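Inspection log for the structure reproduced underneath, given as structure tokens.
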Amino acid sequence: MTSSVKDLVLVAGATGGVGQLVVGELLEKGLRVRILTRNPAKAQNMFNNRVEVAVGDIRDPATLPAAMENVTHIICCTGTSAFPSSKWDFDPSPSWIEWVQLLVDRKHRESRAKNSPAKVDAQGVSNLVAAAPPNLQRFVFVSSCGILRKDQLPWTILNGFGVLDAKEKGEQAIVNSGLPYTIIRPGRLIDGPYTSYDLNTLFKAKTDSKLGVVIGKGDKLLADASRIDVAAACVECLFHPASEKQIFELVNQGTRPPVIDWDQLFSQPTV
């Protein structure tokens, strides 16, 4: 890919931690950006009217076709918390006693959660794939390390409420679609913007940009991943043909070089 005025990248999940950084990377490279959002006022304020805004919701297929006009690339950074929280948007809002039932009863939990991993990472991503233009040049998806290790610690804990199961279903929808794709599976996300509900957010864990970027295949890596580098990978992969139809894991380890060589990372990933 070479940057062109004809390129238009649709970013889903643009107001999230990785999504905000993806939009910034795209704008810095001179690409046109359209974001898919349920809250256009919030989005315009966040990006200072530098992006196009399409009002839509990946959970509602009827809202997606209008957002796809002239789109050449899609980067999907959507997601929700791995564990039940207010981000799951329970309807109605549960009492303290009801929280106990929600935690132990999966069917009850899913029936009341409007924003669970199953509805966002599985069904929502599948909806976005189905709505994508047939001539799309690339579909990029932010997934997670651990997809192939759900029976191993710490992934069994992370998948306690099905987030890795849902991410895997989203991945399968993308791979089976026939669209050109790149899937990025980051390790545990650190560095701001801090938008998730976990200890890294509580303690503002960060790399201070001192650690190198390691890209692997086969779901064997175990380390944290900077949101900054995950976002960069999502954008850089658009410019590297070797990344097409590939699934990569990304973590931060070792000494950081003066310049990240994305071409080498995508061409010669750690196996």
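Each chain in the structure tokens gets a letter, A, B, ..., in the order shown, and its residues are numbered from 1; ligands are numbered from 1 in order too.
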Inset, instruction - Would you list the contacts of Glu25 of chain A as JSON, numbers by chain, taking every protein, DNA or RNA residue within 7 Å and counting only C-alpha atoms, but skipping same-chain residues closer than 3 positions in sequence? - result: {"A": [21, 22, 28, 29, 232, 235]}
Keeping only all heavy atoms, write the selected residues to a file as a PDB file, in the first residue's frame.
```pdb
ATOM      1  N   LEU A  21      -5.203   5.700  19.398  1.00  0.00           N
ATOM      2  CA  LEU A  21      -3.839   5.749  18.883  1.00  0.00           C
ATOM      3  C   LEU A  21      -3.783   5.369  17.412  1.00  0.00           C
ATOM      4  O   LEU A  21      -2.983   5.915  16.642  1.00  0.00           O
ATOM      5  CB  LEU A  21      -2.948   4.828  19.709  1.00  0.00           C
ATOM      6  CG  LEU A  21      -2.809   5.218  21.190  1.00  0.00           C
ATOM      7  CD1 LEU A  21      -2.156   4.085  21.975  1.00  0.00           C
ATOM      8  CD2 LEU A  21      -2.019   6.497  21.349  1.00  0.00           C
ATOM      9  N   VAL A  22      -4.627   4.414  17.005  1.00  0.00           N
ATOM     10  CA  VAL A  22      -4.699   4.033  15.589  1.00  0.00           C
ATOM     11  C   VAL A  22      -5.111   5.230  14.745  1.00  0.00           C
ATOM     12  O   VAL A  22      -4.507   5.508  13.694  1.00  0.00           O
ATOM     13  CB  VAL A  22      -5.691   2.868  15.393  1.00  0.00           C
ATOM     14  CG1 VAL A  22      -6.094   2.731  13.928  1.00  0.00           C
ATOM     15  CG2 VAL A  22      -5.086   1.564  15.882  1.00  0.00           C
ATOM     16  N   GLU A  28      -1.456  10.867  10.950  1.00  0.00           N
ATOM     17  CA  GLU A  28      -0.058  11.271  10.796  1.00  0.00           C
ATOM     18  C   GLU A  28       0.502  10.833   9.449  1.00  0.00           C
ATOM     19  O   GLU A  28       1.363  11.505   8.878  1.00  0.00           O
ATOM     20  CB  GLU A  28       0.777  10.669  11.927  1.00  0.00           C
ATOM     21  CG  GLU A  28       2.201  11.190  11.991  1.00  0.00           C
ATOM     22  CD  GLU A  28       2.931  10.709  13.226  1.00  0.00           C
ATOM     23  OE1 GLU A  28       2.365  10.788  14.329  1.00  0.00           O
ATOM     24  OE2 GLU A  28       4.079  10.243  13.069  1.00  0.00           O
ATOM     25  N   LYS A  29       0.000   9.717   8.942  1.00  0.00           N
ATOM     26  CA  LYS A  29       0.456   9.216   7.633  1.00  0.00           C
ATOM     27  C   LYS A  29      -0.336   9.816   6.476  1.00  0.00           C
ATOM     28  O   LYS A  29      -0.135   9.449   5.318  1.00  0.00           O
ATOM     29  CB  LYS A  29       0.364   7.690   7.604  1.00  0.00           C
ATOM     30  CG  LYS A  29       1.421   7.008   8.466  1.00  0.00           C
ATOM     31  CD  LYS A  29       1.362   5.497   8.323  1.00  0.00           C
ATOM     32  CE  LYS A  29       2.477   4.836   9.128  1.00  0.00           C
ATOM     33  NZ  LYS A  29       3.834   5.157   8.606  1.00  0.00           N
ATOM     34  N   ALA A 232       0.497   1.044  16.323  1.00  0.00           N
ATOM     35  CA  ALA A 232       1.433   1.218  15.207  1.00  0.00           C
ATOM     36  C   ALA A 232       1.427  -0.005  14.295  1.00  0.00           C
ATOM     37  O   ALA A 232       1.444   0.128  13.063  1.00  0.00           O
ATOM     38  CB  ALA A 232       2.840   1.469  15.752  1.00  0.00           C
ATOM     39  N   VAL A 235      -1.514  -0.106  11.883  1.00  0.00           N
ATOM     40  CA  VAL A 235      -1.397   0.810  10.748  1.00  0.00           C
ATOM     41  C   VAL A 235      -0.252   0.390   9.828  1.00  0.00           C
ATOM     42  O   VAL A 235      -0.401   0.356   8.604  1.00  0.00           O
ATOM     43  CB  VAL A 235      -1.196   2.254  11.248  1.00  0.00           C
ATOM     44  CG1 VAL A 235      -0.971   3.206  10.065  1.00  0.00           C
ATOM     45  CG2 VAL A 235      -2.407   2.697  12.071  1.00  0.00           C
TER      46      VAL A 235
END
```
Legend entry - For Ile174 of chain A: contacts at 9 Å, only C-alpha atoms, fewer than 5 positions along chain excluded, given as a VMD selection string: chain A and resid 125 to 126 129 139 141 169 179 to 181 183
Inset, instruction - Enumerate the residues of segment 129-218 of chain A with a DSSP assignment of helix (DSSP H, G or I), computed from the backbone, and present them as a PyMOL selection string. - result: chain A and resi 129-131+155-161+163-176+199-202
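In this comparison, which uses only C-alpha atoms, the residue of A:Lys87, A:Arg227, A:Lys6, A:Arg59 approaching Gln137 of chain A most closely is A:Lys6.
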Legend entry - Nearest to Pro61 of chain A, chosen from A:Asn159, A:Asn49, A:Asn39, A:Gln123, with only C-alpha atoms counted in the distances: A:Gln123
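Counting from atom CA of Pro117 of chain A, the distance to atom CA of Glu168 of chain A is 10.7 Å.
Using only C-alpha atoms, the shortest contact distance between Gly170 of chain A and any of A:Gln268, A:Arg256, A:Lys119, A:Val104 is found at A:Lys119.
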Legend entry - Atom pair atom CA of Glu244 of chain A / atom CA of Leu136 of chain A: separation (Å): 12.3 Å
Inset, instruction - Considering only C-alpha atoms, return as a ChimeraX atom specification whatever protein or nucleic-acid residues lie within 9 Å of Val140 of chain A, sequence-local ones (same chain, fewer than 4 positions apart) excluded. - result: /A:73-77,180-184,234-235,237-238
Write a file of the selected residues as a compact mmCIF listing (two decimals), in the first residue's frame, keeping all heavy atoms.
```txt
# COMPACT_ATOMS: atom_id res chain seq x y z
N HIS A 73 -10.10 0.22 3.64
CA HIS A 73 -9.50 -0.58 4.70
C HIS A 73 -10.36 -0.47 5.96
O HIS A 73 -10.99 0.57 6.19
CB HIS A 73 -8.08 -0.10 5.05
CG HIS A 73 -7.13 -0.06 3.89
ND1 HIS A 73 -7.18 0.94 2.93
CD2 HIS A 73 -6.11 -0.88 3.54
CE1 HIS A 73 -6.22 0.72 2.03
NE2 HIS A 73 -5.56 -0.37 2.38
N ILE A 74 -10.36 -1.51 6.76
CA ILE A 74 -11.05 -1.50 8.05
C ILE A 74 -10.06 -1.92 9.13
O ILE A 74 -9.35 -2.92 8.97
CB ILE A 74 -12.26 -2.45 8.06
CG1 ILE A 74 -13.34 -1.96 7.08
CG2 ILE A 74 -12.85 -2.56 9.47
CD1 ILE A 74 -14.50 -2.93 6.93
N ILE A 75 -10.03 -1.17 10.21
CA ILE A 75 -9.27 -1.57 11.40
C ILE A 75 -10.25 -1.67 12.56
O ILE A 75 -10.89 -0.68 12.92
CB ILE A 75 -8.14 -0.58 11.73
CG1 ILE A 75 -7.18 -0.44 10.55
CG2 ILE A 75 -7.39 -1.02 13.00
CD1 ILE A 75 -6.03 0.53 10.78
N CYS A 76 -10.37 -2.85 13.11
CA CYS A 76 -11.35 -3.11 14.17
C CYS A 76 -10.64 -3.23 15.51
O CYS A 76 -9.91 -4.19 15.74
CB CYS A 76 -12.14 -4.38 13.86
SG CYS A 76 -13.39 -4.76 15.11
N CYS A 77 -10.86 -2.24 16.36
CA CYS A 77 -10.24 -2.20 17.70
C CYS A 77 -11.29 -2.32 18.79
O CYS A 77 -11.07 -1.91 19.93
CB CYS A 77 -9.49 -0.89 17.90
SG CYS A 77 -8.36 -0.44 16.58
N PRO A 180 -8.88 -10.00 2.44
CA PRO A 180 -7.49 -9.89 2.89
C PRO A 180 -7.47 -9.35 4.32
O PRO A 180 -8.18 -8.39 4.63
CB PRO A 180 -6.87 -8.89 1.90
CG PRO A 180 -8.03 -8.13 1.35
CD PRO A 180 -9.21 -9.05 1.36
N TYR A 181 -6.68 -9.95 5.18
CA TYR A 181 -6.76 -9.58 6.60
C TYR A 181 -5.38 -9.62 7.24
O TYR A 181 -4.43 -10.22 6.73
CB TYR A 181 -7.67 -10.55 7.35
CG TYR A 181 -7.16 -11.97 7.41
CD1 TYR A 181 -6.25 -12.38 8.39
CD2 TYR A 181 -7.53 -12.91 6.45
CE1 TYR A 181 -5.76 -13.68 8.42
CE2 TYR A 181 -7.04 -14.21 6.47
CZ TYR A 181 -6.15 -14.58 7.46
OH TYR A 181 -5.65 -15.86 7.48
N THR A 182 -5.28 -8.95 8.38
CA THR A 182 -4.17 -9.10 9.31
C THR A 182 -4.77 -9.10 10.71
O THR A 182 -5.55 -8.21 11.05
CB THR A 182 -3.14 -7.97 9.21
OG1 THR A 182 -2.67 -7.86 7.86
CG2 THR A 182 -1.96 -8.22 10.15
N ILE A 183 -4.43 -10.10 11.49
CA ILE A 183 -4.91 -10.18 12.88
C ILE A 183 -3.72 -9.97 13.81
O ILE A 183 -2.69 -10.64 13.68
CB ILE A 183 -5.59 -11.53 13.15
CG1 ILE A 183 -6.87 -11.64 12.30
CG2 ILE A 183 -5.92 -11.69 14.64
CD1 ILE A 183 -7.52 -13.02 12.33
N ILE A 184 -3.86 -9.04 14.72
CA ILE A 184 -2.83 -8.75 15.71
C ILE A 184 -3.32 -9.24 17.07
O ILE A 184 -4.38 -8.83 17.54
CB ILE A 184 -2.53 -7.24 15.80
CG1 ILE A 184 -2.18 -6.66 14.43
CG2 ILE A 184 -1.43 -6.97 16.83
CD1 ILE A 184 -0.87 -7.15 13.87
N CYS A 234 -1.04 -2.06 13.77
CA CYS A 234 -2.30 -2.08 13.03
C CYS A 234 -2.23 -1.20 11.78
O CYS A 234 -2.82 -1.52 10.74
CB CYS A 234 -3.45 -1.60 13.91
SG CYS A 234 -3.94 -2.76 15.19
N VAL A 235 -1.51 -0.11 11.88
CA VAL A 235 -1.40 0.81 10.75
C VAL A 235 -0.25 0.39 9.83
O VAL A 235 -0.40 0.36 8.60
CB VAL A 235 -1.20 2.25 11.25
CG1 VAL A 235 -0.97 3.21 10.07
CG2 VAL A 235 -2.41 2.70 12.07
N CYS A 237 0.98 -2.48 9.21
CA CYS A 237 0.73 -3.69 8.43
C CYS A 237 0.05 -3.39 7.10
O CYS A 237 0.18 -4.16 6.14
CB CYS A 237 -0.07 -4.71 9.24
SG CYS A 237 -1.83 -4.34 9.47
N LEU A 238 -0.65 -2.26 7.01
CA LEU A 238 -1.30 -1.89 5.76
C LEU A 238 -0.29 -1.64 4.65
O LEU A 238 -0.61 -1.75 3.47
CB LEU A 238 -2.15 -0.62 5.96
CG LEU A 238 -3.24 -0.66 7.03
CD1 LEU A 238 -3.98 0.66 7.06
CD2 LEU A 238 -4.21 -1.81 6.79
```
Legend entry - Residue neighbourhood Glu249 of chain A, 6 Å, only C-alpha atoms, exclusion window fewer than 2 positions, as a PyMOL selection string: chain A and resi 184-186+215-217
Which residues, written as a PDB file with all heavy atoms, in the first residue's frame, have at least one atom at most 12 Å from Gly124 of chain A, with only C-alpha atoms counted and residues fewer than 6 positions away on the same chain left out?
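Produced file out-v7.pdb, reproduced below:
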```pdb
ATOM      1  N   ALA A  12     -13.246   0.993  13.695  1.00  0.00           N
ATOM      2  CA  ALA A  12     -14.277   0.645  14.678  1.00  0.00           C
ATOM      3  C   ALA A  12     -13.597   0.539  16.038  1.00  0.00           C
ATOM      4  O   ALA A  12     -12.514  -0.027  16.146  1.00  0.00           O
ATOM      5  CB  ALA A  12     -14.938  -0.682  14.313  1.00  0.00           C
ATOM      6  N   GLY A  13     -14.230   1.100  17.060  1.00  0.00           N
ATOM      7  CA  GLY A  13     -13.599   1.134  18.378  1.00  0.00           C
ATOM      8  C   GLY A  13     -12.602   2.269  18.503  1.00  0.00           C
ATOM      9  O   GLY A  13     -11.646   2.195  19.281  1.00  0.00           O
ATOM     10  N   GLY A  56     -22.975   4.330  13.941  1.00  0.00           N
ATOM     11  CA  GLY A  56     -23.328   2.929  13.773  1.00  0.00           C
ATOM     12  C   GLY A  56     -22.856   2.116  14.951  1.00  0.00           C
ATOM     13  O   GLY A  56     -22.161   2.601  15.849  1.00  0.00           O
ATOM     14  N   ASP A  57     -23.218   0.836  14.941  1.00  0.00           N
ATOM     15  CA  ASP A  57     -22.952  -0.060  16.062  1.00  0.00           C
ATOM     16  C   ASP A  57     -22.708  -1.450  15.481  1.00  0.00           C
ATOM     17  O   ASP A  57     -23.584  -1.997  14.789  1.00  0.00           O
ATOM     18  CB  ASP A  57     -24.168  -0.062  16.999  1.00  0.00           C
ATOM     19  CG  ASP A  57     -23.943  -0.845  18.279  1.00  0.00           C
ATOM     20  OD1 ASP A  57     -23.068  -1.742  18.303  1.00  0.00           O
ATOM     21  OD2 ASP A  57     -24.658  -0.580  19.255  1.00  0.00           O
ATOM     22  N   ILE A  58     -21.532  -2.025  15.739  1.00  0.00           N
ATOM     23  CA  ILE A  58     -21.241  -3.333  15.154  1.00  0.00           C
ATOM     24  C   ILE A  58     -22.204  -4.412  15.637  1.00  0.00           C
ATOM     25  O   ILE A  58     -22.337  -5.453  15.000  1.00  0.00           O
ATOM     26  CB  ILE A  58     -19.788  -3.765  15.414  1.00  0.00           C
ATOM     27  CG1 ILE A  58     -19.504  -3.958  16.906  1.00  0.00           C
ATOM     28  CG2 ILE A  58     -18.813  -2.786  14.791  1.00  0.00           C
ATOM     29  CD1 ILE A  58     -18.156  -4.616  17.181  1.00  0.00           C
ATOM     30  N   ARG A  59     -22.898  -4.161  16.736  1.00  0.00           N
ATOM     31  CA  ARG A  59     -23.871  -5.133  17.233  1.00  0.00           C
ATOM     32  C   ARG A  59     -25.180  -5.068  16.459  1.00  0.00           C
ATOM     33  O   ARG A  59     -26.024  -5.949  16.598  1.00  0.00           O
ATOM     34  CB  ARG A  59     -24.123  -4.892  18.722  1.00  0.00           C
ATOM     35  CG  ARG A  59     -22.872  -5.012  19.599  1.00  0.00           C
ATOM     36  CD  ARG A  59     -23.128  -4.500  20.996  1.00  0.00           C
ATOM     37  NE  ARG A  59     -23.572  -3.120  20.967  1.00  0.00           N
ATOM     38  CZ  ARG A  59     -23.951  -2.425  22.042  1.00  0.00           C
ATOM     39  NH1 ARG A  59     -23.942  -2.998  23.229  1.00  0.00           N
ATOM     40  NH2 ARG A  59     -24.334  -1.164  21.933  1.00  0.00           N
ATOM     41  N   ASP A  60     -25.352  -4.028  15.646  1.00  0.00           N
ATOM     42  CA  ASP A  60     -26.589  -3.831  14.883  1.00  0.00           C
ATOM     43  C   ASP A  60     -26.258  -3.811  13.387  1.00  0.00           C
ATOM     44  O   ASP A  60     -25.840  -2.783  12.851  1.00  0.00           O
ATOM     45  CB  ASP A  60     -27.251  -2.518  15.300  1.00  0.00           C
ATOM     46  CG  ASP A  60     -28.579  -2.279  14.602  1.00  0.00           C
ATOM     47  OD1 ASP A  60     -28.972  -3.104  13.742  1.00  0.00           O
ATOM     48  OD2 ASP A  60     -29.231  -1.264  14.914  1.00  0.00           O
ATOM     49  N   PRO A  61     -26.414  -4.935  12.694  1.00  0.00           N
ATOM     50  CA  PRO A  61     -26.015  -5.012  11.278  1.00  0.00           C
ATOM     51  C   PRO A  61     -26.661  -3.951  10.395  1.00  0.00           C
ATOM     52  O   PRO A  61     -26.034  -3.503   9.420  1.00  0.00           O
ATOM     53  CB  PRO A  61     -26.476  -6.413  10.862  1.00  0.00           C
ATOM     54  CG  PRO A  61     -26.575  -7.189  12.133  1.00  0.00           C
ATOM     55  CD  PRO A  61     -26.991  -6.200  13.194  1.00  0.00           C
ATOM     56  N   ALA A  62     -27.879  -3.519  10.722  1.00  0.00           N
ATOM     57  CA  ALA A  62     -28.583  -2.552   9.876  1.00  0.00           C
ATOM     58  C   ALA A  62     -27.889  -1.196   9.839  1.00  0.00           C
ATOM     59  O   ALA A  62     -28.105  -0.409   8.911  1.00  0.00           O
ATOM     60  CB  ALA A  62     -30.022  -2.388  10.365  1.00  0.00           C
ATOM     61  N   THR A  63     -27.038  -0.898  10.830  1.00  0.00           N
ATOM     62  CA  THR A  63     -26.379   0.407  10.888  1.00  0.00           C
ATOM     63  C   THR A  63     -25.054   0.438  10.134  1.00  0.00           C
ATOM     64  O   THR A  63     -24.437   1.498  10.030  1.00  0.00           O
ATOM     65  CB  THR A  63     -26.109   0.817  12.348  1.00  0.00           C
ATOM     66  OG1 THR A  63     -25.113  -0.054  12.916  1.00  0.00           O
ATOM     67  CG2 THR A  63     -27.379   0.744  13.187  1.00  0.00           C
ATOM     68  N   LEU A  64     -24.608  -0.692   9.600  1.00  0.00           N
ATOM     69  CA  LEU A  64     -23.253  -0.769   9.062  1.00  0.00           C
ATOM     70  C   LEU A  64     -23.110  -0.438   7.572  1.00  0.00           C
ATOM     71  O   LEU A  64     -22.110   0.170   7.184  1.00  0.00           O
ATOM     72  CB  LEU A  64     -22.675  -2.156   9.335  1.00  0.00           C
ATOM     73  CG  LEU A  64     -22.586  -2.524  10.830  1.00  0.00           C
ATOM     74  CD1 LEU A  64     -22.015  -3.936  10.986  1.00  0.00           C
ATOM     75  CD2 LEU A  64     -21.739  -1.524  11.591  1.00  0.00           C
ATOM     76  N   CYS A  76     -10.372  -2.847  13.109  1.00  0.00           N
ATOM     77  CA  CYS A  76     -11.354  -3.109  14.168  1.00  0.00           C
ATOM     78  C   CYS A  76     -10.636  -3.226  15.507  1.00  0.00           C
ATOM     79  O   CYS A  76      -9.906  -4.195  15.744  1.00  0.00           O
ATOM     80  CB  CYS A  76     -12.138  -4.381  13.860  1.00  0.00           C
ATOM     81  SG  CYS A  76     -13.393  -4.756  15.105  1.00  0.00           S
ATOM     82  N   CYS A  77     -10.857  -2.240  16.363  1.00  0.00           N
ATOM     83  CA  CYS A  77     -10.242  -2.198  17.698  1.00  0.00           C
ATOM     84  C   CYS A  77     -11.291  -2.324  18.788  1.00  0.00           C
ATOM     85  O   CYS A  77     -11.071  -1.905  19.926  1.00  0.00           O
ATOM     86  CB  CYS A  77      -9.492  -0.893  17.896  1.00  0.00           C
ATOM     87  SG  CYS A  77      -8.360  -0.443  16.583  1.00  0.00           S
ATOM     88  N   THR A  78     -12.449  -2.838  18.441  1.00  0.00           N
ATOM     89  CA  THR A  78     -13.536  -2.929  19.410  1.00  0.00           C
ATOM     90  C   THR A  78     -13.223  -3.956  20.486  1.00  0.00           C
ATOM     91  O   THR A  78     -12.385  -4.832  20.312  1.00  0.00           O
ATOM     92  CB  THR A  78     -14.846  -3.322  18.716  1.00  0.00           C
ATOM     93  OG1 THR A  78     -14.632  -4.534  17.983  1.00  0.00           O
ATOM     94  CG2 THR A  78     -15.304  -2.233  17.760  1.00  0.00           C
ATOM     95  N   GLY A  79     -13.920  -3.839  21.586  1.00  0.00           N
ATOM     96  CA  GLY A  79     -13.740  -4.790  22.670  1.00  0.00           C
ATOM     97  C   GLY A  79     -14.477  -4.329  23.905  1.00  0.00           C
ATOM     98  O   GLY A  79     -14.997  -3.206  23.970  1.00  0.00           O
ATOM     99  N   THR A  80     -14.542  -5.194  24.883  1.00  0.00           N
ATOM    100  CA  THR A  80     -15.158  -4.867  26.159  1.00  0.00           C
ATOM    101  C   THR A  80     -14.303  -5.501  27.242  1.00  0.00           C
ATOM    102  O   THR A  80     -13.268  -6.108  26.941  1.00  0.00           O
ATOM    103  CB  THR A  80     -16.619  -5.360  26.214  1.00  0.00           C
ATOM    104  OG1 THR A  80     -17.238  -4.892  27.410  1.00  0.00           O
ATOM    105  CG2 THR A  80     -16.704  -6.871  26.130  1.00  0.00           C
ATOM    106  N   LYS A 114     -25.709  -6.268  27.194  1.00  0.00           N
ATOM    107  CA  LYS A 114     -25.788  -5.780  25.820  1.00  0.00           C
ATOM    108  C   LYS A 114     -24.407  -5.595  25.198  1.00  0.00           C
ATOM    109  O   LYS A 114     -24.293  -5.383  23.991  1.00  0.00           O
ATOM    110  CB  LYS A 114     -26.546  -4.444  25.784  1.00  0.00           C
ATOM    111  CG  LYS A 114     -28.007  -4.549  26.212  1.00  0.00           C
ATOM    112  CD  LYS A 114     -28.764  -3.258  26.003  1.00  0.00           C
ATOM    113  CE  LYS A 114     -28.308  -2.177  26.972  1.00  0.00           C
ATOM    114  NZ  LYS A 114     -29.100  -0.930  26.817  1.00  0.00           N
ATOM    115  N   ASN A 115     -23.359  -5.689  26.028  1.00  0.00           N
ATOM    116  CA  ASN A 115     -22.017  -5.389  25.537  1.00  0.00           C
ATOM    117  C   ASN A 115     -21.001  -6.421  26.021  1.00  0.00           C
ATOM    118  O   ASN A 115     -19.874  -6.089  26.338  1.00  0.00           O
ATOM    119  CB  ASN A 115     -21.609  -3.993  26.017  1.00  0.00           C
ATOM    120  CG  ASN A 115     -20.594  -3.337  25.104  1.00  0.00           C
ATOM    121  OD1 ASN A 115     -20.760  -3.317  23.894  1.00  0.00           O
ATOM    122  ND2 ASN A 115     -19.542  -2.792  25.685  1.00  0.00           N
ATOM    123  N   SER A 116     -21.418  -7.674  26.059  1.00  0.00           N
ATOM    124  CA  SER A 116     -20.530  -8.755  26.500  1.00  0.00           C
ATOM    125  C   SER A 116     -19.547  -9.109  25.389  1.00  0.00           C
ATOM    126  O   SER A 116     -19.737  -8.740  24.222  1.00  0.00           O
ATOM    127  CB  SER A 116     -21.359  -9.987  26.853  1.00  0.00           C
ATOM    128  OG  SER A 116     -21.952 -10.517  25.679  1.00  0.00           O
ATOM    129  N   PRO A 117     -18.474  -9.862  25.695  1.00  0.00           N
ATOM    130  CA  PRO A 117     -17.568 -10.315  24.636  1.00  0.00           C
ATOM    131  C   PRO A 117     -18.277 -11.080  23.528  1.00  0.00           C
ATOM    132  O   PRO A 117     -17.943 -10.924  22.344  1.00  0.00           O
ATOM    133  CB  PRO A 117     -16.571 -11.213  25.391  1.00  0.00           C
ATOM    134  CG  PRO A 117     -16.535 -10.644  26.771  1.00  0.00           C
ATOM    135  CD  PRO A 117     -17.954 -10.209  27.038  1.00  0.00           C
ATOM    136  N   ALA A 118     -19.255 -11.909  23.880  1.00  0.00           N
ATOM    137  CA  ALA A 118     -19.972 -12.675  22.858  1.00  0.00           C
ATOM    138  C   ALA A 118     -20.681 -11.755  21.869  1.00  0.00           C
ATOM    139  O   ALA A 118     -20.732 -12.044  20.661  1.00  0.00           O
ATOM    140  CB  ALA A 118     -20.976 -13.616  23.520  1.00  0.00           C
ATOM    141  N   ALA A 130     -19.310  -9.118   7.582  1.00  0.00           N
ATOM    142  CA  ALA A 130     -20.378  -9.326   6.597  1.00  0.00           C
ATOM    143  C   ALA A 130     -20.706  -8.049   5.839  1.00  0.00           C
ATOM    144  O   ALA A 130     -21.116  -8.105   4.671  1.00  0.00           O
ATOM    145  CB  ALA A 130     -21.620  -9.860   7.299  1.00  0.00           C
ATOM    146  N   ALA A 131     -20.524  -6.896   6.492  1.00  0.00           N
ATOM    147  CA  ALA A 131     -20.857  -5.618   5.865  1.00  0.00           C
ATOM    148  C   ALA A 131     -19.712  -5.032   5.050  1.00  0.00           C
ATOM    149  O   ALA A 131     -19.904  -4.064   4.307  1.00  0.00           O
ATOM    150  CB  ALA A 131     -21.273  -4.610   6.938  1.00  0.00           C
ATOM    151  N   ALA A 166     -14.770 -15.674  22.436  1.00  0.00           N
ATOM    152  CA  ALA A 166     -15.412 -14.705  21.549  1.00  0.00           C
ATOM    153  C   ALA A 166     -14.427 -14.142  20.536  1.00  0.00           C
ATOM    154  O   ALA A 166     -14.746 -14.005  19.345  1.00  0.00           O
ATOM    155  CB  ALA A 166     -16.030 -13.580  22.374  1.00  0.00           C
ATOM    156  N   LYS A 167     -13.224 -13.814  20.991  1.00  0.00           N
ATOM    157  CA  LYS A 167     -12.198 -13.308  20.067  1.00  0.00           C
ATOM    158  C   LYS A 167     -11.893 -14.347  18.980  1.00  0.00           C
ATOM    159  O   LYS A 167     -11.712 -13.998  17.802  1.00  0.00           O
ATOM    160  CB  LYS A 167     -10.913 -12.987  20.832  1.00  0.00           C
ATOM    161  CG  LYS A 167     -10.978 -11.756  21.716  1.00  0.00           C
ATOM    162  CD  LYS A 167     -10.845 -10.475  20.931  1.00  0.00           C
ATOM    163  CE  LYS A 167     -10.653  -9.273  21.839  1.00  0.00           C
ATOM    164  NZ  LYS A 167     -10.633  -7.992  21.091  1.00  0.00           N
ATOM    165  N   LYS A 169     -13.914 -16.612  17.769  1.00  0.00           N
ATOM    166  CA  LYS A 169     -15.015 -16.627  16.806  1.00  0.00           C
ATOM    167  C   LYS A 169     -14.913 -15.439  15.857  1.00  0.00           C
ATOM    168  O   LYS A 169     -15.204 -15.558  14.649  1.00  0.00           O
ATOM    169  CB  LYS A 169     -16.349 -16.636  17.538  1.00  0.00           C
ATOM    170  CG  LYS A 169     -16.647 -17.947  18.249  1.00  0.00           C
ATOM    171  CD  LYS A 169     -17.969 -17.896  18.992  1.00  0.00           C
ATOM    172  CE  LYS A 169     -18.235 -19.219  19.714  1.00  0.00           C
ATOM    173  NZ  LYS A 169     -19.491 -19.178  20.506  1.00  0.00           N
ATOM    174  N   GLY A 170     -14.516 -14.278  16.384  1.00  0.00           N
ATOM    175  CA  GLY A 170     -14.312 -13.120  15.520  1.00  0.00           C
ATOM    176  C   GLY A 170     -13.211 -13.378  14.506  1.00  0.00           C
ATOM    177  O   GLY A 170     -13.355 -13.066  13.320  1.00  0.00           O
ATOM    178  N   GLU A 171     -12.112 -13.961  14.973  1.00  0.00           N
ATOM    179  CA  GLU A 171     -11.017 -14.309  14.066  1.00  0.00           C
ATOM    180  C   GLU A 171     -11.485 -15.265  12.972  1.00  0.00           C
ATOM    181  O   GLU A 171     -11.152 -15.095  11.788  1.00  0.00           O
ATOM    182  CB  GLU A 171      -9.872 -14.963  14.844  1.00  0.00           C
ATOM    183  CG  GLU A 171      -9.072 -14.027  15.723  1.00  0.00           C
ATOM    184  CD  GLU A 171      -7.839 -14.712  16.292  1.00  0.00           C
ATOM    185  OE1 GLU A 171      -7.568 -15.868  15.896  1.00  0.00           O
ATOM    186  OE2 GLU A 171      -7.138 -14.091  17.115  1.00  0.00           O
ATOM    187  N   ALA A 173     -14.427 -15.683  11.733  1.00  0.00           N
ATOM    188  CA  ALA A 173     -15.283 -14.997  10.761  1.00  0.00           C
ATOM    189  C   ALA A 173     -14.443 -14.233   9.750  1.00  0.00           C
ATOM    190  O   ALA A 173     -14.749 -14.214   8.545  1.00  0.00           O
ATOM    191  CB  ALA A 173     -16.237 -14.044  11.484  1.00  0.00           C
ATOM    192  N   ILE A 174     -13.370 -13.622  10.211  1.00  0.00           N
ATOM    193  CA  ILE A 174     -12.492 -12.862   9.320  1.00  0.00           C
ATOM    194  C   ILE A 174     -11.754 -13.790   8.363  1.00  0.00           C
ATOM    195  O   ILE A 174     -11.743 -13.576   7.144  1.00  0.00           O
ATOM    196  CB  ILE A 174     -11.489 -12.040  10.153  1.00  0.00           C
ATOM    197  CG1 ILE A 174     -12.229 -10.979  10.976  1.00  0.00           C
ATOM    198  CG2 ILE A 174     -10.449 -11.385   9.256  1.00  0.00           C
ATOM    199  CD1 ILE A 174     -11.385 -10.359  12.078  1.00  0.00           C
TER     200      ILE A 174
END
```
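In terms of minimum interatomic distance to Leu102 of chain A, A:Phe161 ranks closest within A:Val55, A:Pro134, A:Phe161, A:Asn252, counting only C-alpha atoms.
Distances to Phe83 of chain A were evaluated for A:Gln152, A:Gly162, A:Asp7, A:Trp99 using only C-alpha atoms, and the minimum falls at A:Gly162.
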